[in-house]
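Asks: Structure incoming, see below.
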Amino acid sequence: MGHYCDDETDVPSTPRDVELRLPDMSLTLTTDRGVFGYGAIDAGSKLLLLKAAPPPQTGDLLDLGCGVGTIALPMARRAPDATVWAVDVNARARDLCAANAEKNALNNVRVVAPDDVPDSVVLACIWSNPPIRVGKPALHAMLRRWLNRLAEDGDATLVVHKHLGGDSLQKWLTEAGFPTKRVASSSGYRILHCRR
């Protein structure tokens, strides 16, 4: 059985459209089995979209673990002159994110596997609902990898559920050299903001 953290999924495809409604936009996203957030808009991702500060209007932005584009596409809509890198290990997720960007006429989204972001890219901002279920060592290595690519004045906004380690992640990030504060909480979710 495939998992959304796998490169490939062997789960049969059963696409389903969902509506992402935000105060400043509405987007139709196609989801599928074997991809995070199948058949619904994830509550944590939506909270991030409601609570995050506006993204930088230019430069390179990142949605780490983009799934079908729930975070990447609103980021791209809010920053049309920026390039949004939508990164995911899951090939089905990448295909869906690219199709959803095209369907919603968002030409500033670049959907790639993690190793396909050019080394020259320096990130102005990261928004992410990170894949907590990969385990702490893998999660910490992933976050360190991408947070170290932030510009000197860059920042990251993450959403993590309290029961999946949101509070301990905040502590780890600060100890790892990325000062982190909680900017919002709702229904057990923590919105964490960190800087280089």
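Every chain in the structure tokens has a letter given in the order shown (A, B, ...), and although residue numbers restart at 1 in each chain, ligands are simply numbered from 1 in the order shown.
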Determine, counting only C-alpha atoms, which protein, DNA and RNA residues have an atom within 6 Å of an atom of stretch 141-158 of chain A; residues of the same chain fewer than 4 positions away are not included. Present the result as a ChimeraX atom specification.

Replies: /A:122-129,191-195

Asks: Please save N, CA and C atoms of the selected residues as a compact mmCIF listing (two decimals), in the first residue's frame.

Replies:
# COMPACT_ATOMS: atom_id res chain seq x y z
N VAL A 122 18.12 30.72 -3.73
CA VAL A 122 18.12 31.17 -2.34
C VAL A 122 16.69 31.56 -2.01
N LEU A 123 16.16 31.03 -0.94
CA LEU A 123 14.74 31.17 -0.63
C LEU A 123 14.44 32.41 0.21
N ALA A 124 13.46 33.17 -0.24
CA ALA A 124 12.99 34.32 0.52
C ALA A 124 12.01 33.90 1.61
N CYS A 125 11.33 32.76 1.38
CA CYS A 125 10.26 32.36 2.29
C CYS A 125 9.94 30.88 2.08
N ILE A 126 9.58 30.21 3.17
CA ILE A 126 9.09 28.84 3.12
C ILE A 126 7.75 28.79 3.85
N TRP A 127 6.77 28.16 3.22
CA TRP A 127 5.53 27.79 3.89
C TRP A 127 5.42 26.28 3.80
N SER A 128 5.05 25.62 4.90
CA SER A 128 5.00 24.17 4.84
C SER A 128 4.10 23.57 5.90
N ASN A 129 3.40 22.52 5.50
CA ASN A 129 2.76 21.58 6.41
C ASN A 129 3.64 20.33 6.28
N ILE A 191 0.91 27.22 14.54
CA ILE A 191 1.55 27.92 13.43
C ILE A 191 2.86 28.47 13.99
N LEU A 192 3.96 27.98 13.43
CA LEU A 192 5.29 28.35 13.90
C LEU A 192 5.98 29.24 12.87
N HIS A 193 6.60 30.29 13.34
CA HIS A 193 7.33 31.22 12.47
C HIS A 193 8.78 31.21 12.89
N CYS A 194 9.67 30.93 11.93
CA CYS A 194 11.10 30.90 12.27
C CYS A 194 11.91 31.68 11.25
N ARG A 195 13.10 32.10 11.71
CA ARG A 195 14.02 32.88 10.89
C ARG A 195 15.37 32.18 10.83

Asks: Which residues of stretch 74-164 of chain A sit at most 9 Å from stretch 24-38 of chain A, using only C-alpha atoms? Give each one's shortest atom pair and distance in Å (one decimal place), in chain and ascending residue order, as a tab-separated table.

Replies:
residue	atom	partner	partner_atom	distance
A:Pro74	CA	A:Met25	CA	7.8
A:Arg77	CA	A:Met25	CA	8.4
A:Arg78	CA	A:Asp24	CA	8.7
A:Asn90	CA	A:Val35	CA	7.5
A:Arg92	CA	A:Val35	CA	7.0
A:Ala93	CA	A:Val35	CA	5.7
A:Leu96	CA	A:Thr30	CA	6.7
A:Cys97	CA	A:Leu29	CA	8.3
A:Ala99	CA	A:Thr30	CA	8.2
A:Asn100	CA	A:Leu29	CA	5.7
A:Ala101	CA	A:Leu29	CA	8.7
A:Lys103	CA	A:Thr28	CA	8.2
A:Asn104	CA	A:Leu27	CA	6.9

Asks: So which one's closest to A:Val112, A:Gly67, A:Gly188, A:Pro23, A:Pro131? Using only C-alpha atoms, please.

Replies: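 Going through A:Gly67, A:Gly188, A:Pro23, A:Pro131 one by one, the smallest distance to A:Val112 is for A:Gly67.
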
Asks: With distances taken over only C-alpha atoms, which of A:Ser45, A:Pro130, A:Thr83, A:Leu73 is nearest to A:Gln57?

Replies: A:Thr83

Asks: Using only C-alpha atoms, which residue out of A:Gly44, A:Ala72, A:Ala91, A:Pro54 lies closest to A:Asp10?

Replies: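 Comparing A:Gly44, A:Ala72, A:Ala91, A:Pro54 against A:Asp10, the winner is A:Ala91.
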
Asks: DSSP on the backbone, alpha helix (DSSP H) only: what residues of stretch 11-167 of chain A does that give? Format it as a PyMOL selection string.

Replies: chain A and resi 43-51+72-78+91-103+136-147+166-167

Asks: Given the selection you just returned, output its residues as a file containing C-alpha atoms, formatted as a PDB file, in the first residue's frame.

Replies:
ATOM      1  CA  ALA A  43      -7.395  21.936   8.379  1.00  0.00           C
ATOM      2  CA  GLY A  44      -3.769  22.657   9.302  1.00  0.00           C
ATOM      3  CA  SER A  45      -2.865  23.835   5.809  1.00  0.00           C
ATOM      4  CA  LYS A  46      -5.918  26.088   5.730  1.00  0.00           C
ATOM      5  CA  LEU A  47      -4.986  27.567   9.109  1.00  0.00           C
ATOM      6  CA  LEU A  48      -1.505  28.374   7.786  1.00  0.00           C
ATOM      7  CA  LEU A  49      -3.057  30.114   4.771  1.00  0.00           C
ATOM      8  CA  LEU A  50      -5.301  32.157   7.077  1.00  0.00           C
ATOM      9  CA  LYS A  51      -2.606  33.108   9.610  1.00  0.00           C
ATOM     10  CA  ALA A  72       1.751  26.477  -3.048  1.00  0.00           C
ATOM     11  CA  LEU A  73      -1.109  27.738  -5.209  1.00  0.00           C
ATOM     12  CA  PRO A  74      -2.432  30.394  -2.794  1.00  0.00           C
ATOM     13  CA  MET A  75       1.175  31.463  -2.195  1.00  0.00           C
ATOM     14  CA  ALA A  76       1.614  31.852  -5.963  1.00  0.00           C
ATOM     15  CA  ARG A  77      -1.658  33.776  -6.298  1.00  0.00           C
ATOM     16  CA  ARG A  78      -0.649  36.131  -3.467  1.00  0.00           C
ATOM     17  CA  ALA A  91       5.346  11.757  -8.017  1.00  0.00           C
ATOM     18  CA  ARG A  92       1.535  11.599  -8.031  1.00  0.00           C
ATOM     19  CA  ALA A  93       1.420  14.672  -5.777  1.00  0.00           C
ATOM     20  CA  ARG A  94       3.766  16.549  -8.111  1.00  0.00           C
ATOM     21  CA  ASP A  95       1.633  15.659 -11.141  1.00  0.00           C
ATOM     22  CA  LEU A  96      -1.523  16.837  -9.384  1.00  0.00           C
ATOM     23  CA  CYS A  97       0.097  20.055  -8.155  1.00  0.00           C
ATOM     24  CA  ALA A  98       1.314  20.895 -11.666  1.00  0.00           C
ATOM     25  CA  ALA A  99      -2.114  20.158 -13.152  1.00  0.00           C
ATOM     26  CA  ASN A 100      -3.838  22.214 -10.449  1.00  0.00           C
ATOM     27  CA  ALA A 101      -1.498  25.161 -11.074  1.00  0.00           C
ATOM     28  CA  GLU A 102      -2.285  25.005 -14.794  1.00  0.00           C
ATOM     29  CA  LYS A 103      -6.031  24.646 -14.186  1.00  0.00           C
ATOM     30  CA  LYS A 136      12.000  12.962  13.760  1.00  0.00           C
ATOM     31  CA  PRO A 137      15.460  12.217  12.297  1.00  0.00           C
ATOM     32  CA  ALA A 138      14.231  12.486   8.695  1.00  0.00           C
ATOM     33  CA  LEU A 139      12.061  15.526   9.491  1.00  0.00           C
ATOM     34  CA  HIS A 140      14.909  17.346  11.231  1.00  0.00           C
ATOM     35  CA  ALA A 141      17.312  16.615   8.361  1.00  0.00           C
ATOM     36  CA  MET A 142      14.715  17.838   5.839  1.00  0.00           C
ATOM     37  CA  LEU A 143      13.984  21.049   7.714  1.00  0.00           C
ATOM     38  CA  ARG A 144      17.674  21.793   8.307  1.00  0.00           C
ATOM     39  CA  ARG A 145      18.366  21.268   4.586  1.00  0.00           C
ATOM     40  CA  TRP A 146      15.747  23.770   3.445  1.00  0.00           C
ATOM     41  CA  LEU A 147      15.968  26.306   6.275  1.00  0.00           C
ATOM     42  CA  GLY A 166       4.309  20.892  17.328  1.00  0.00           C
ATOM     43  CA  ASP A 167       5.634  22.119  20.680  1.00  0.00           C
TER      44      ASP A 167
END

Asks: Just asking: which residues within chain A are strand (DSSP E or B) according to DSSP, as number ranges by chain?

Replies: A: 16-22, 25-31, 60-64, 83-87, 109-112, 123-128, 150-161, 180-186, 189-195

Asks: Please, what distance in Å, to one decimal, runs between atom CA of A:Val109 and atom CA of A:Ala184?

Replies: 26.9 Å

Asks: Hey, can you check how far atom CA of A:Val160 sits from atom CA of A:Ala53?

Replies: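 That distance, rounded to one decimal, is 16.8 Å.
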
Asks: Mind checking which residues fall within 9 Å of A:Trp85, counting only C-alpha atoms, ignoring those fewer than 2 positions away in the same chain, and posting them as a list in words?

Replies: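 The neighbour list is Asp60, Leu61, Leu62, Asp63, Leu64, Cys66, Ala72, Thr83, Val87, Asn108, Val109, Arg110, Val111, Val112 and Val117 of chain A.
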